[in-house]
Each structure stands twice: as structure tokens, then as C-alpha cells.
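Q: My structure is below; once you've seen it, I'll send some questions.
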Amino acid sequence: MITTEIKTSHGTFTATFSERGLAQLEFPSRGNARRKGNPLTRRDATLSPSDGERDGVRDFRRWHIATARALKQSLAGKTPKTLPPLDLNSGTEFQRRVWSALRKISSGKTRSYTEVASAIGKPKAARAVGSACGANPIPVLIPCHRVLAANKKLGGFSGGLNWKKSLLAREGIAPKD
DNA sequence: CATCCAGTATATA
DNA sequence: TATATACTGGATG
């Protein structure tokens with residue numbers, strides 16, 4: 001795995017890539033903002049061996065750029081034209097289905113936890129959907145912030161409700177208090 | 001209106 | 001095995 005930092009006007013995000021693509025994206029926090037910006041820091045030597053090495057690094061650089069671009073677009077309330085490949089292997093089948101459903105919510109729209117649950121064929125699993133949203137490894141690009149409670153209230157957010165609120169505001173959505 | 005509860009998938013203890 | 005979650009519609013007082 002490799003981590004890189006992405007500086008935006010809203011803080012420094014941390015992206016983690018596996019050999020398959022973007023695997024995790026973290027909100028700015030005191031912890032990762034303090035780490036000196038050193039792009040493409042190797043953390044773990046699991047690149048493909050010998051021959052693949054050079055290609056691997058090239059991929060990471062490309063993905064890093066694509067991620068930074070997509071992230072900045074999203075933070076501005078726009079829909080990124082292209083995303084880096086996403087590695088969602090970390091989740092369970094249920095979680096991957098939820099995350100997949102989340103990606104179909106376009107900017108400026110919202111769904112309720114129940115609607116997402118129905119979309120994946122488990123209309124009663126709203127609560128479980130909430131858990132899956134909280135486990136979303138790639139917030140913003142996988143728009144977990146567009147899922148509101150049935151009464152159009154905010155619900156919760158792993159990165160802090162302020163983030164959810166401001167992300168929605170930039171998309172022209174004003175959830176209830 | 002205030003509570004309670006079942007149903008659901010996962011994580012944690 | 002029990003409890004706690006980014007939930008919610010229905011039952012009950």
C-alpha cells in the first residue's frame with residue numbers, strides 16, 4: 001500500500017492506494033495534516049515484483065493525479081468526469097452493494113437510508129445501510145454524504161457532521177436541522 | 001407526542 | 001452471546 005497526501009482548499013486529505021486502485025481516502029485531521037507533505041511515500045512493500053515495479057509506480061502517480069482532480073471537483077460541488085480505479089475489496093458483499101448504490105446518487109440529489117436499502121434489495125436493512133455508510137473507505141468520491149434520514153435530517157457522518165453539512169451545501173442541498 | 005420494538009449486517013467485547 | 005450502530009415504520013400509552 002502507498003499513501004499520498006492531497007492538498008485542497010479545504011485541507012490535506014490522505015489517499016491510500018493498493019495495487020488495484022484507490023482503497024481509502026481520509027479527511028484532513030490534525031494527525032495527517034501534520035505529516036510533512038511527501039508525495040508517494042512508500043509505506044509497505046507489496047508492489048508487484050521486479051518487472052511490475054516500474055508499472056506499479058507509474059500507476060500510482062496516475063491514480064494520485066486522478067484522485068486529486070476528482071476530489072477537488074467534488075469539493076467544489078461538481079461531478080468529476082473521471083475517477084481513479086477504486087479498490088473496494090475491503091468490504092463485505094453487503095457493504096460493497098451499498099457503496100455501489102451510493103455511487104449512483106448524482107450531485108445535488110439525496111436518498112434516505114431506506115431508499116438505499118431498497119435499492120439493494122433489502123428494504124428493511126436501513127440501519128445496516130447506515131453502518132455500511134459509516135464504513136465507507138472513500139468518502140466524498142463515494143457520496144455517503146448524500147444519504148439522509150427518512151425525515152430529511154442529517155443523520156450522522158464518520159468525518160463529522162460539519163463535513164456532511166458543507167458538502168451538501170455546496171451541492172445546493174439544505175437538510176433539516 | 002414519547003417510547004418501544006423488531007428487523008438487519010457488522011464490529012467489538 | 002450481548003451490545004451498539006450514520007434507521008425506520010408501526011404499535012402502544
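Labels used: A, B, ... for chains in the order of the C-alpha cells, numbers from 1 for residues in each chain, and numbers from 1 for ligands as shown.
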Contacts between chain C and chain A, please, where a residue of chain A counts if it comes within 12 Å (with only C-alpha atoms (C1' of nucleotides)); show its shortest atom pair and distance in Å to one decimal, rows by chain and ascending number, as a Markdown table.
A:
| residue | atom | partner | partner_atom | distance |
| --- | --- | --- | --- | --- |
| A:Ser112 | CA | C:DC7 | C1' | 9.2 |
| A:Tyr113 | CA | C:DC7 | C1' | 6.7 |
| A:Thr114 | CA | C:DC7 | C1' | 7.4 |
| A:Glu115 | CA | C:DC7 | C1' | 11.0 |
| A:Val116 | CA | C:DC7 | C1' | 11.3 |
| A:Ala117 | CA | C:DC7 | C1' | 10.1 |
| A:Pro123 | CA | C:DT8 | C1' | 10.4 |
| A:Lys124 | CA | C:DT8 | C1' | 8.4 |
| A:Ala125 | CA | C:DC7 | C1' | 8.1 |
| A:Ala126 | CA | C:DC7 | C1' | 5.0 |
| A:Arg127 | CA | C:DC7 | C1' | 4.2 |
| A:Ala128 | CA | C:DC7 | C1' | 7.9 |
| A:Val129 | CA | C:DC7 | C1' | 8.2 |
| A:Gly130 | CA | C:DA6 | C1' | 4.9 |
| A:Ser131 | CA | C:DT5 | C1' | 6.2 |
| A:Ala132 | CA | C:DA6 | C1' | 8.8 |
| A:Cys133 | CA | C:DA6 | C1' | 6.9 |
| A:Gly134 | CA | C:DA6 | C1' | 6.0 |
| A:Ala135 | CA | C:DA6 | C1' | 9.7 |
| A:Asn136 | CA | C:DA6 | C1' | 11.0 |
| A:Cys144 | CA | C:DA6 | C1' | 9.5 |
| A:His145 | CA | C:DA6 | C1' | 9.7 |
| A:Arg146 | CA | C:DA6 | C1' | 11.6 |
| A:Val147 | CA | C:DA6 | C1' | 9.0 |
| A:Leu148 | CA | C:DA6 | C1' | 8.8 |
| A:Ala149 | CA | C:DC7 | C1' | 7.1 |
| A:Ala150 | CA | C:DT8 | C1' | 7.5 |
| A:Asn151 | CA | C:DT8 | C1' | 9.8 |
| A:Lys153 | CA | C:DA6 | C1' | 11.1 |
| A:Leu154 | CA | C:DA6 | C1' | 8.7 |
| A:Gly155 | CA | C:DA6 | C1' | 5.5 |
| A:Gly156 | CA | C:DA6 | C1' | 3.9 |
| A:Phe157 | CA | C:DA6 | C1' | 5.5 |
| A:Ser158 | CA | C:DA6 | C1' | 7.3 |
| A:Gly159 | CA | C:DA6 | C1' | 10.5 |
| A:Gly160 | CA | C:DA6 | C1' | 10.3 |
| A:Leu161 | CA | C:DA6 | C1' | 9.7 |
| A:Lys164 | CA | C:DA6 | C1' | 10.9 |
Q: Give the strand (DSSP E or B) residues of stretch 3-173 of chain A, as DSSP finds them on the backbone, and put them as a ChimeraX atom specification.
A: /A:3-8,11-18,21-26,41-42,86,111-112,139,142,147-148,153
Q: Taking a cut-off of 9 Å and counting only C-alpha atoms (C1' of nucleotides), can you build a table that, for each residue of chain B near chain A, reports the nearest atom pair and how far apart they are in Å (one decimal), sorted by chain then residue number, as a tab-separated table?
A:
residue	atom	partner	partner_atom	distance
B:DG7	C1'	A:Lys124	CA	6.4
B:DT8	C1'	A:Ala125	CA	4.7
B:DA9	C1'	A:Ala128	CA	5.2
B:DT10	C1'	A:Ser131	CA	7.6
Q: What separation in Å, quoted to one decimal, exists between atom CA of A:Thr3 and atom CA of A:Gly91?
A: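 The value is 19.3 Å.
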Q: Please compute the atom CA of A:Leu141-atom CA of A:Arg103 distance, one decimal, in Å.
A: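 Here the two named atoms are 8.0 Å from each other.
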